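Asker: Pasting target_28.txt below, which is compact mmCIF, C-alpha atoms.
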```
# COMPACT_ATOMS: atom_id res chain seq x y z
CA MET A 263 144.97 57.12 133.83
CA SER A 264 142.06 58.40 131.78
CA GLN A 265 139.34 60.60 133.18
CA PRO A 266 135.77 59.22 133.28
CA ARG A 267 133.55 60.75 130.61
CA PRO A 268 130.81 63.11 131.72
CA ARG A 269 127.32 61.59 131.91
CA SER A 270 126.04 63.66 128.96
CA THR A 271 128.81 62.36 126.70
CA ARG A 272 128.08 58.73 127.70
CA PHE A 273 124.39 59.33 126.99
CA LEU A 274 125.13 60.72 123.53
CA LEU A 275 127.48 57.86 122.74
CA ALA A 276 124.78 55.40 123.80
CA LEU A 277 122.35 57.03 121.36
CA ALA A 278 124.76 56.92 118.41
CA PRO A 279 123.86 53.35 117.30
CA LEU A 280 120.16 54.27 117.43
CA ALA A 281 120.73 57.37 115.31
CA LEU A 282 122.77 55.40 112.78
CA GLY A 283 120.10 52.71 112.68
CA LEU A 284 117.44 55.29 111.85
CA GLN A 285 119.48 56.79 109.05
CA GLY A 286 117.53 56.34 105.84
CA CYS A 287 114.22 55.74 107.62
CA ASP A 288 111.33 57.93 106.63
CA LEU A 289 110.22 59.72 109.76
CA ASP A 290 107.87 62.02 107.88
CA PRO A 291 104.51 61.94 109.68
CA SER A 292 102.75 63.12 106.52
CA GLY A 293 102.01 59.72 105.06
CA PRO A 294 99.03 58.57 102.98
CA ALA A 295 96.46 59.21 105.74
CA PHE A 296 97.68 62.79 106.17
CA HIS A 297 97.54 63.41 102.41
CA ALA A 298 94.09 61.83 102.16
CA ASP A 299 92.85 64.13 104.94
CA GLU A 300 94.23 67.19 103.14
CA LEU A 301 92.59 66.04 99.92
CA ARG A 302 89.23 65.54 101.67
CA ALA A 303 89.43 69.04 103.16
CA ALA A 304 90.27 70.57 99.77
CA ARG A 305 87.40 68.70 98.09
CA ALA A 306 85.02 69.95 100.77
CA ALA A 307 86.26 73.53 100.29
CA TRP A 308 85.76 73.17 96.52
CA ALA A 309 82.26 71.72 96.91
CA GLY A 310 81.38 74.58 99.26
CA GLN A 311 82.21 77.11 96.56
CA GLY A 312 79.49 75.88 94.19
CA ILE A 313 81.59 76.90 91.19
CA ASP A 314 80.63 75.11 87.98
CA SER A 315 82.01 77.49 85.32
CA TYR A 316 85.70 78.30 85.42
CA ARG A 317 88.98 78.26 83.56
CA TYR A 318 92.57 77.51 84.49
CA VAL A 319 95.97 76.82 83.00
CA ILE A 320 97.49 73.44 83.68
CA ALA A 321 101.08 72.43 83.08
CA ARG A 322 101.72 68.71 83.44
CA SER A 323 105.01 67.07 84.27
CA CYS A 324 106.20 63.51 83.98
CA GLY A 325 109.39 61.56 83.57
CA GLU A 326 108.95 60.50 79.95
CA CYS A 327 106.47 62.98 78.49
CA THR A 328 106.40 64.42 75.01
CA PRO A 329 106.43 68.20 74.61
CA GLU A 330 102.79 68.10 73.42
CA SER A 331 101.67 66.41 76.64
CA ILE A 332 103.37 68.82 79.05
CA ALA A 333 102.84 72.15 77.29
CA PRO A 334 100.56 74.45 79.32
CA ALA A 335 96.90 74.08 78.38
CA LEU A 336 94.03 76.47 79.00
CA VAL A 337 91.00 74.50 80.23
CA GLU A 338 87.49 75.97 80.20
CA VAL A 339 84.56 74.37 82.02
CA ARG A 340 80.95 75.58 81.82
CA GLY A 341 78.13 74.09 83.81
CA GLY A 342 80.51 71.41 85.08
CA LYS A 343 81.37 70.20 81.55
CA THR A 344 84.65 70.75 79.74
CA VAL A 345 84.06 72.96 76.71
CA SER A 346 87.65 73.50 75.54
CA VAL A 347 91.25 72.52 76.09
CA VAL A 348 93.65 74.61 74.01
CA ALA A 349 97.30 75.60 74.12
CA ALA A 350 97.82 78.31 76.72
CA THR A 351 100.52 79.94 74.60
CA SER A 352 101.23 80.19 70.91
CA VAL A 353 104.74 78.80 71.47
CA GLN A 354 103.79 75.12 71.80
CA GLN A 355 101.01 72.95 70.46
CA ILE A 356 99.11 70.49 72.62
CA GLN A 357 97.16 67.31 72.05
CA PRO A 358 93.87 67.96 73.90
CA GLU A 359 93.15 64.24 74.33
CA LEU A 360 96.25 63.97 76.54
CA TYR A 361 94.58 66.34 79.03
CA ARG A 362 91.30 64.41 79.41
CA GLN A 363 91.98 63.34 82.98
CA PHE A 364 93.05 66.90 83.89
CA ASP A 365 90.21 68.93 82.37
CA THR A 366 88.01 69.59 85.42
CA VAL A 367 88.84 70.36 89.03
CA GLU A 368 87.08 67.14 90.07
CA GLU A 369 89.39 65.15 87.80
CA LEU A 370 92.43 66.87 89.30
CA PHE A 371 91.25 65.64 92.71
CA ASP A 372 90.83 62.13 91.25
CA VAL A 373 94.40 62.13 89.90
CA ILE A 374 95.73 63.11 93.32
CA GLU A 375 93.57 60.52 95.08
CA ASP A 376 94.78 57.79 92.72
CA ALA A 377 98.40 58.68 93.49
CA ILE A 378 97.77 58.66 97.26
CA ASP A 379 96.08 55.25 96.97
CA GLN A 380 99.25 53.88 95.34
CA ASP A 381 101.37 54.96 98.35
CA PRO A 382 104.10 56.75 96.39
CA TYR A 383 107.71 56.99 97.49
CA ARG A 384 107.47 60.80 97.47
CA PHE A 385 104.34 62.91 97.32
CA SER A 386 103.30 66.52 97.64
CA ALA A 387 100.12 68.41 96.91
CA ARG A 388 99.04 71.97 97.59
CA TYR A 389 95.55 73.41 97.42
CA ASP A 390 94.22 76.95 97.25
CA SER A 391 93.28 77.90 100.81
CA ARG A 392 90.06 79.62 99.73
CA THR A 393 88.68 77.50 96.89
CA GLY A 394 90.34 74.13 97.55
CA VAL A 395 91.50 73.98 93.91
CA PRO A 396 94.63 71.84 93.55
CA VAL A 397 97.53 74.23 92.85
CA SER A 398 100.28 71.65 92.48
CA TYR A 399 100.89 67.96 92.79
CA ALA A 400 104.01 65.84 92.39
CA ALA A 401 104.60 62.15 92.99
CA ASP A 402 107.52 59.80 92.58
CA MET A 403 105.80 56.45 92.57
CA ASP A 404 108.75 54.10 93.09
CA ARG A 405 112.14 54.84 94.60
CA SER A 406 113.89 52.31 92.35
CA MET A 407 112.27 53.45 89.08
CA VAL A 408 113.68 56.14 86.83
CA ASP A 409 111.36 58.59 85.08
CA ASP A 410 108.19 57.54 86.91
CA GLU A 411 107.63 61.03 88.38
CA ARG A 412 104.41 62.82 87.56
CA GLY A 413 102.60 65.95 88.52
CA PHE A 414 100.91 69.16 87.50
CA THR A 415 100.71 72.84 88.32
CA VAL A 416 97.50 74.85 88.06
CA SER A 417 97.60 78.61 87.61
CA GLN A 418 95.33 81.46 86.62
CA PHE A 419 92.22 79.80 88.03
CA GLU A 420 89.17 82.02 87.66
CA GLU A 421 85.45 81.61 87.96
CA ILE A 422 83.60 82.66 84.81
CA GLN A 423 79.97 83.56 84.11
```
Rewrite the structure of this file - the entire thing - as structure tokens.
Answerer:
Amino acid sequence: MSQPRPRSTRFLLALAPLALGLQGCDLDPSGPAFHADELRAARAAWAGQGIDSYRYVIARSCGECTPESIAPALVEVRGGKTVSVVAATSVQQIQPELYRQFDTVEELFDVIEDAIDQDPYRFSARYDSRTGVPVSYAADMDRSMVDDERGFTVSQFEEIQ
């Protein structure tokens, strides 16, 4: 004759179908609303800085990019207007026109906002805790698509006179 199972074992066995049913579900609480709130906070931090002349290096990433469109670029902004976009290193050339939507901090925010609005399959963004400047962003727009990933990394941000 078999022994009755302890109550805790019966409880765990009862939960097994629930756990298996949840497998593959996205339980991440950081959905579009969370990301939009983080973006709003970063934009507010940026606006509070009052910085209108600065430079930074941006390295883009995407699934089907050419080397000229992902090579690091040095962006310089004066008085809120982009004055130059040049290769950040002498190793690779860039095509400045491919960086037009990435050549001010405000445009970086717009790129991130556009991705959030499209409710991507995977998304991450980080912002500088002091200035609010986007430091990195990555999005995989559709789980079933190949090479639809996109993103950027910003480094060497500095305010200039």
Asker: Which one is closest to Ala350 of chain A: A:Phe371, A:Trp308, A:Phe364, A:Tyr318? Count all atoms listed in the file.
Answerer: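 For Ala350 of chain A, the nearest of the given residues is A:Tyr318.
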Asker: Taking only C-alpha atoms into account, name the residue in A:Val416, A:Met403, A:Ala303, A:Asp314 that is nearest to Tyr383 of chain A.
Answerer: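 Selected residue with least distance to Tyr383 of chain A: A:Met403.
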Asker: Quick one: pull the distance between atom CA of Ser386 of chain A and atom CA of Glu368 of chain A, Å, one decimal.
Answerer: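 Taking atom CA of Ser386 of chain A and atom CA of Glu368 of chain A, their separation equals 17.9 Å.
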Asker: If we count only C-alpha atoms and set the cut-off at 9 Å, which residues sit around segment 353-356 of chain A, ignoring sequence neighbours fewer than 4 positions away in its own chain? Please answer as a PDB file with C-alpha atoms, in the coordinates of the input.
Answerer:
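This went into part-v9.pdb:
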```pdb
ATOM      1  CA  PRO A 329     106.430  68.200  74.610  1.00  0.00           C
ATOM      2  CA  GLU A 330     102.790  68.100  73.420  1.00  0.00           C
ATOM      3  CA  SER A 331     101.670  66.410  76.640  1.00  0.00           C
ATOM      4  CA  ILE A 332     103.370  68.820  79.050  1.00  0.00           C
ATOM      5  CA  ALA A 333     102.840  72.150  77.290  1.00  0.00           C
ATOM      6  CA  PRO A 334     100.560  74.450  79.320  1.00  0.00           C
ATOM      7  CA  ALA A 335      96.900  74.080  78.380  1.00  0.00           C
ATOM      8  CA  VAL A 347      91.250  72.520  76.090  1.00  0.00           C
ATOM      9  CA  VAL A 348      93.650  74.610  74.010  1.00  0.00           C
ATOM     10  CA  ALA A 349      97.300  75.600  74.120  1.00  0.00           C
ATOM     11  CA  LEU A 360      96.250  63.970  76.540  1.00  0.00           C
ATOM     12  CA  TYR A 361      94.580  66.340  79.030  1.00  0.00           C
TER      13      TYR A 361
END
```
Asker: Using all atoms listed in the file, which protein or nucleic acid residues come within 9 Å of Val367 of chain A? Drop anything in the same chain fewer than 5 positions from it, and give the result as JSON, numbers by chain.
Answerer: {"A": [308, 372, 395, 396]}
Asker: For atom CA of Lys343 of chain A and atom CA of Ser315 of chain A, determine how far apart the two atoms are, in Å to one decimal place.
Answerer: 8.2 Å
Asker: Which polymer residues have any atom within 12 Å of an atom of Ile313 of chain A, counting only C-alpha atoms, with same-chain residues fewer than 3 positions away left out, as a PyMOL selection string?
Answerer: chain A and resi 307-310+316-317+339-343+366-368+393-395+419-423
Asker: So which one's closest to Ser323 of chain A, A:Glu300, A:Gln418, A:Ser398, A:Gln363? Using all atoms listed in the file, please.
Answerer: A:Ser398
Asker: Check the smallest atom-to-atom distance from each of A:Arg362, A:Tyr389, A:Gln380, A:Gly413 to Glu326 of chain A using all atoms listed in the file, then report the winner.
Answerer: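 Of A:Arg362, A:Tyr389, A:Gln380, A:Gly413, the one nearest Glu326 of chain A, counting all atoms listed in the file, is A:Gly413.
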Asker: What is the atom CA of Cys327 of chain A to atom CA of Pro294 of chain A distance in Å?
Answerer: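 It comes out at 26.0 Å.
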Asker: Can you pull out every residue within 7 Å of Asp365 of chain A, counting all atoms listed in the file, but drop anything in the same chain fewer than 4 positions away, and send it as a PDB file with C-alpha atoms, in the coordinates of the input?
Answerer:
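Produced file result17.pdb, reproduced below:
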```pdb
ATOM      1  CA  VAL A 337      91.000  74.500  80.230  1.00  0.00           C
ATOM      2  CA  THR A 344      84.650  70.750  79.740  1.00  0.00           C
ATOM      3  CA  TYR A 361      94.580  66.340  79.030  1.00  0.00           C
ATOM      4  CA  GLU A 369      89.390  65.150  87.800  1.00  0.00           C
TER       5      GLU A 369
END
```
Asker: Using only C-alpha atoms, pick whichever of A:Glu411, A:Asp379, A:Glu338, A:Glu359 has the shortest atom-to-atom distance to His297 of chain A.
Answerer: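 Closest residue, counting only C-alpha atoms: A:Asp379.
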Asker: Can you pull out the residues contacting Phe414 of chain A? Cut-off 8 Å, using all atoms listed in the file, and skip same-chain residues under 3 positions away; I want them as a PyMOL selection string.
Answerer: chain A and resi 320-323+398-400
Asker: Point out the residue among A:Ala298, A:Gly312, A:Ser417, A:Ser391 with the least atom-to-atom distance to Glu375 of chain A, counting only C-alpha atoms.
Answerer: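 Ranking A:Ala298, A:Gly312, A:Ser417, A:Ser391 by distance to Glu375 of chain A, first place goes to A:Ala298.
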